[in-house]
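Participant: After the structure tokens below, expect a handful of questions from me.
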Amino acid sequence: MYFCSVKTLVACILFLVVALSSYAQQMRIGVYRDYEIKKITFSNNGFSYSIFGDSTDFGAILANEYVELVLKPNKKIELFIGVLSQGLFNKITLIETLPNSSITLTPTNPIVKDRKYKNDFEISPTEKGMTIVNLVDMNNYLSGVVESEGGGGKEIEYYKVQALMSRTYVLKYRTKHAKEGFELCDRVHCQAYHSQLRFGTDIETAVRETEGIVMKDATGQLVDAYFHANCGGQTSEADYVWNNNIPYLNTFKDTFCIYTKQATWEKRVPKHKWGEFLVKRYNYPVEDSIYGPLMYNFNQSERLAFYHSPILGIPLRDIRQEFKLKSTFFTNYLDGEDVLIRGRGYGHGVGLCQEGAMRMAKYKYNYKQIAVYYFPGITIHNLNEEAFYHQKGSMHLCNPYKVQE
């Protein structure tokens, strides 16, 4: 019987600090990455921000004041405070003077809908547009992602599972854009991050109450936390989409989403365009006695990877991309001079179905139950608690007040 020594306690605390340092620091998120921004205004929302042009401190912009940045042909940024030019610079930095301040971004060349973000900003020039990086605390970033992905008015358990998914993704892929000067971007191939906290406090609460919690696979690695809008009643195998099998993401029937708004859809494609695509791209065997008559007719009662047969080598994901379909889960047949496509679901179908998760939350499932429903075989871990553990033979909780054997 013994108590943890002071030396052991100190070692545990140091381990905790190291383990959580990558989690606690600011994220670097590239925003407005769909646009080549040449002119943008930063407007104060009642907070104070300090303005720096390179190493020069221009003081603070106060409530209801603004800063305008203009990209110049010589790859410099002209800084305006109000209407007064302050010169040309290689980098502009906006630093909040109080924690959790927010500021509004309004691009005017091109004209793009304004957004509100928290914390700091760093702006640098490129040949085509400005690189705008939000230096944002992890919880503030996750709140913005959950809001952008899920919208307002949802059950808090849905927000919690979305926060769990998003946090796991961040910690697994946070160096995805390192070569571009930031870690992740605001586009959907990372995670949508298009504004913050327009819909009340439930999202902030969900992020805070799941702080440090992630999903891991059977090998102890962070999972690929994929999600999509609606699976149409059946999730997809990962290799149907990316040619990469993920053991904990097997297809299964999902009854929680089949009556939601994005569960079904229709689209018409002209017959000649459908035929031209199949023949020119994949040399479809129009003269074949079996496949020829099936060129415009396809039935998919369960999710498949290929049009009719793998032998033809026509991935459904390619058809989806070509004709801008909502999903690969569709049936089609000839209707006059059109191919009528009747589809199910919205998105790639892999991982968590957002509308299904929202319905589960309404039925009072908690966020952990929702997570393991869509990711069977995974485990849920709290990084904040794990940091107190150390390995020496078996696992022992380092707690100076706990008797250990």
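In the structure tokens, chains take the letters A, B, ... in the order shown, each chain's residues start at 1, and ligands count up from 1 in the order shown.
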Sort by chain and increasing residue number a table of all residues of stretch 87-183 of chain A within 8 Å of stretch 344-367 of chain A, each with its closest pair of atoms and their distance in Å to one decimal, counting only C-alpha atoms, and write it as JSON lines.
Facilitator:
{"residue": "A:Gly150", "atom": "CA", "partner": "A:Gln354", "partner_atom": "CA", "distance": 7.8}
{"residue": "A:Lys154", "atom": "CA", "partner": "A:Met358", "partner_atom": "CA", "distance": 7.0}
{"residue": "A:Glu155", "atom": "CA", "partner": "A:Ala361", "partner_atom": "CA", "distance": 6.0}
{"residue": "A:Ile156", "atom": "CA", "partner": "A:Ala361", "partner_atom": "CA", "distance": 7.7}
{"residue": "A:Glu157", "atom": "CA", "partner": "A:Tyr367", "partner_atom": "CA", "distance": 5.0}
{"residue": "A:Tyr158", "atom": "CA", "partner": "A:Met358", "partner_atom": "CA", "distance": 5.5}
{"residue": "A:Lys160", "atom": "CA", "partner": "A:Tyr367", "partner_atom": "CA", "distance": 5.8}
{"residue": "A:Val161", "atom": "CA", "partner": "A:Tyr367", "partner_atom": "CA", "distance": 4.8}
Participant: A:Gly152: which residues within 12 Å, counting only C-alpha atoms, same-chain residues fewer than 6 positions away excluded, as a ChimeraX atom specification?
Facilitator: /A:143-144,146,158-159,196-204,358
Participant: Keeping only C-alpha atoms, take the residues you just selected and write them out as an mmCIF file, in the first residue's frame.
Facilitator:
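Final file, result_27.cif:
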data_model
loop_
_atom_site.group_PDB
_atom_site.id
_atom_site.type_symbol
_atom_site.label_atom_id
_atom_site.label_comp_id
_atom_site.auth_asym_id
_atom_site.auth_seq_id
_atom_site.Cartn_x
_atom_site.Cartn_y
_atom_site.Cartn_z
ATOM 1 C CA SER A 143 -18.500 25.939 -31.842
ATOM 2 C CA GLY A 144 -18.259 27.575 -35.242
ATOM 3 C CA VAL A 146 -20.928 22.699 -35.174
ATOM 4 C CA TYR A 158 -26.961 16.231 -31.449
ATOM 5 C CA TYR A 159 -24.682 19.204 -30.933
ATOM 6 C CA GLN A 196 -19.973 31.572 -35.193
ATOM 7 C CA LEU A 197 -22.679 31.610 -32.565
ATOM 8 C CA ARG A 198 -25.717 33.073 -34.270
ATOM 9 C CA PHE A 199 -28.005 30.452 -32.721
ATOM 10 C CA GLY A 200 -27.731 30.834 -28.950
ATOM 11 C CA THR A 201 -25.703 29.113 -26.252
ATOM 12 C CA ASP A 202 -26.597 25.410 -26.674
ATOM 13 C CA ILE A 203 -23.750 24.887 -29.141
ATOM 14 C CA GLU A 204 -21.193 26.446 -26.785
ATOM 15 C CA MET A 358 -30.789 14.704 -35.103
#
Participant: One decimal, in Å: what's the spacing between atom CA of A:Leu79 and atom CA of A:Thr126?
Facilitator: 15.5 Å
Participant: What lies within 9 Å of A:Thr131 using only C-alpha atoms, ignoring chain neighbours under 2 positions off, as a PyMOL selection string?
Facilitator: chain A and resi 30-33+36-37+122-126+129+133+180-181
Participant: Give me, as a ChimeraX atom specification, the residues of stretch 58-232 of chain A that a backbone DSSP run labels strand (DSSP E or B).
Facilitator: /A:58-61,66-71,77-81,84-89,92-96,102-109,111,115-118,120-125,130-136,184-185,213-216,222,227-228,230
Participant: Neighbouring residues of A:Ser48 were defined as those with any atom within 8 Å, considering only C-alpha atoms; residues of the same chain fewer than 3 positions away were excluded. Please report them as a PDB file with N, CA and C atoms, in the first residue's frame.
Facilitator:
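Output contents, as saved in out03.pdb:
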ATOM      1  N   ASN A  44     -15.590  46.225 -36.026  1.00  0.00           N
ATOM      2  CA  ASN A  44     -15.639  45.901 -34.608  1.00  0.00           C
ATOM      3  C   ASN A  44     -17.063  45.601 -34.150  1.00  0.00           C
ATOM      4  N   ALA A  60      -5.379  50.501 -31.290  1.00  0.00           N
ATOM      5  CA  ALA A  60      -6.576  49.655 -31.294  1.00  0.00           C
ATOM      6  C   ALA A  60      -7.712  50.309 -32.061  1.00  0.00           C
ATOM      7  N   ILE A  61      -8.523  49.456 -32.699  1.00  0.00           N
ATOM      8  CA  ILE A  61      -9.804  49.941 -33.212  1.00  0.00           C
ATOM      9  C   ILE A  61     -10.839  49.669 -32.134  1.00  0.00           C
ATOM     10  N   LEU A  62     -11.628  50.659 -31.862  1.00  0.00           N
ATOM     11  CA  LEU A  62     -12.601  50.573 -30.782  1.00  0.00           C
ATOM     12  C   LEU A  62     -13.969  50.193 -31.330  1.00  0.00           C
ATOM     13  N   ALA A  63     -14.951  50.180 -30.463  1.00  0.00           N
ATOM     14  CA  ALA A  63     -16.308  49.806 -30.857  1.00  0.00           C
ATOM     15  C   ALA A  63     -16.783  50.654 -32.019  1.00  0.00           C
ATOM     16  N   GLU A  96      -7.097  40.467 -30.410  1.00  0.00           N
ATOM     17  CA  GLU A  96      -8.120  40.879 -29.442  1.00  0.00           C
ATOM     18  C   GLU A  96      -7.455  41.383 -28.168  1.00  0.00           C
ATOM     19  N   THR A  97      -8.020  42.420 -27.559  1.00  0.00           N
ATOM     20  CA  THR A  97      -7.466  42.939 -26.306  1.00  0.00           C
ATOM     21  C   THR A  97      -8.152  42.323 -25.093  1.00  0.00           C
ATOM     22  N   LEU A  98      -9.301  41.673 -25.299  1.00  0.00           N
ATOM     23  CA  LEU A  98      -9.981  40.925 -24.250  1.00  0.00           C
ATOM     24  C   LEU A  98     -10.321  39.538 -24.779  1.00  0.00           C
ATOM     25  N   SER A 101     -13.201  37.962 -27.791  1.00  0.00           N
ATOM     26  CA  SER A 101     -13.768  39.046 -28.586  1.00  0.00           C
ATOM     27  C   SER A 101     -14.129  38.515 -29.973  1.00  0.00           C
TER      28      SER A 101
END
Participant: Compile the contact shell of A:Ile77 as a tab-separated table (two decimals) with C-alpha atoms, in the first residue's frame: residues with an atom at most 6 Å away, counting only C-alpha atoms, same-chain residues fewer than 2 positions apart removed.
Facilitator:
chain	number	residue	atom	x	y	z
A	70	VAL	CA	-6.67	46.10	-50.07
A	71	LEU	CA	-4.42	43.74	-52.03
A	72	LYS	CA	-2.01	45.68	-54.28
A	88	LEU	CA	1.78	48.91	-47.48
A	89	PHE	CA	2.66	45.78	-45.53
Participant: Identify all residues of stretch 172-224 of chain A in helix (DSSP H, G or I) (DSSP on the backbone) and supply them as a list of chain:residue names.
Facilitator: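 After running DSSP on the backbone, stretch 172-224 of chain A has helix (DSSP H, G or I) at A:Lys172, A:Tyr173, A:Ala178, A:Lys179, A:Glu180, A:Asp202, A:Ile203, A:Glu204, A:Thr205, A:Ala206, A:Val207, A:Arg208, A:Glu209.
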Participant: Report, in Å with one decimal, the straight-line distance from atom CA of A:Ile51 to atom CA of A:Lys75.
Facilitator: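 According to the coordinates, atom CA of A:Ile51 and atom CA of A:Lys75 are separated by 19.6 Å.
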Participant: Work out how far apart atom CA of A:Gly212 and atom CA of A:Gln369 are and give it in Å to one decimal.
Facilitator: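 Spanning atom CA of A:Gly212 to atom CA of A:Gln369 is a straight-line distance of 17.7 Å.
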Participant: For a quick check of understanding, using only C-alpha atoms, which of A:Met295, A:Ile213, A:Val136, A:Leu278 has the smallest distance to A:Ala163?
Facilitator: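 When distances to A:Ala163 are compared using only C-alpha atoms, the smallest one comes from A:Ile213.
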Participant: For A:Tyr49, work out the shell of residues within 12 Å, counting only C-alpha atoms and skipping chain neighbours fewer than 2 positions away, then give it as a PyMOL selection string.
Facilitator: chain A and resi 42-47+51-52+57-67+81+93-104+118-121
Participant: Write to file, as a short mmCIF file (atom, residue, chain, number, x, y, z; two decimals), in the first residue's frame, the residues of the selection just made, with C-alpha atoms.
Facilitator:
data_model
loop_
_atom_site.label_atom_id
_atom_site.label_comp_id
_atom_site.auth_asym_id
_atom_site.auth_seq_id
_atom_site.Cartn_x
_atom_site.Cartn_y
_atom_site.Cartn_z
CA PHE A 42 -12.94 44.06 -40.47
CA SER A 43 -15.66 45.75 -38.38
CA ASN A 44 -15.64 45.90 -34.61
CA ASN A 45 -18.52 44.24 -32.73
CA GLY A 46 -18.15 46.26 -29.54
CA PHE A 47 -14.74 44.82 -28.64
CA ILE A 51 -3.78 46.40 -35.26
CA PHE A 52 -0.27 45.57 -36.49
CA ASP A 57 1.64 48.85 -33.79
CA PHE A 58 -1.19 51.10 -34.96
CA GLY A 59 -3.05 50.98 -31.67
CA ALA A 60 -6.58 49.66 -31.29
CA ILE A 61 -9.80 49.94 -33.21
CA LEU A 62 -12.60 50.57 -30.78
CA ALA A 63 -16.31 49.81 -30.86
CA ASN A 64 -17.99 50.62 -34.19
CA GLU A 65 -14.67 51.34 -35.93
CA TYR A 66 -13.28 49.36 -38.86
CA VAL A 67 -10.15 48.38 -40.77
CA ILE A 81 -7.96 52.53 -40.54
CA THR A 93 -2.39 41.14 -37.63
CA LEU A 94 -5.51 41.83 -35.54
CA ILE A 95 -5.21 40.84 -31.89
CA GLU A 96 -8.12 40.88 -29.44
CA THR A 97 -7.47 42.94 -26.31
CA LEU A 98 -9.98 40.92 -24.25
CA PRO A 99 -10.53 37.13 -24.41
CA ASN A 100 -13.32 35.82 -26.67
CA SER A 101 -13.77 39.05 -28.59
CA SER A 102 -15.39 38.81 -32.02
CA ILE A 103 -15.09 40.76 -35.24
CA THR A 104 -17.07 40.86 -38.50
CA LYS A 118 -13.86 35.09 -32.52
CA ASN A 119 -10.24 35.66 -31.48
CA ASP A 120 -7.35 36.83 -33.68
CA PHE A 121 -6.52 37.21 -37.38
#
Participant: I need the residue nearest A:Val372 from this list: A:Lys253, A:Lys216, A:Arg303, A:Lys271. Use only C-alpha atoms for the distance.
Facilitator: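 Under the stated criterion, the closest residue is A:Lys216.
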Participant: When distances are computed from only C-alpha atoms, which of A:Asp54, A:Asp114, A:Asp34, A:Asp217 shows the smallest separation from A:Met130?
Facilitator: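 The closest residue to A:Met130 is A:Asp34.
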Participant: Do a neighbour search on A:Glu276 at 12 Å with only C-alpha atoms, toss out local chain neighbours closer than 5 positions, and write the hits as a list in words.
Facilitator: Val269, Pro270, Lys271, Arg281, Tyr282, Asn283, Tyr284, Val286, Met295, Tyr296 and Glu322 of chain A
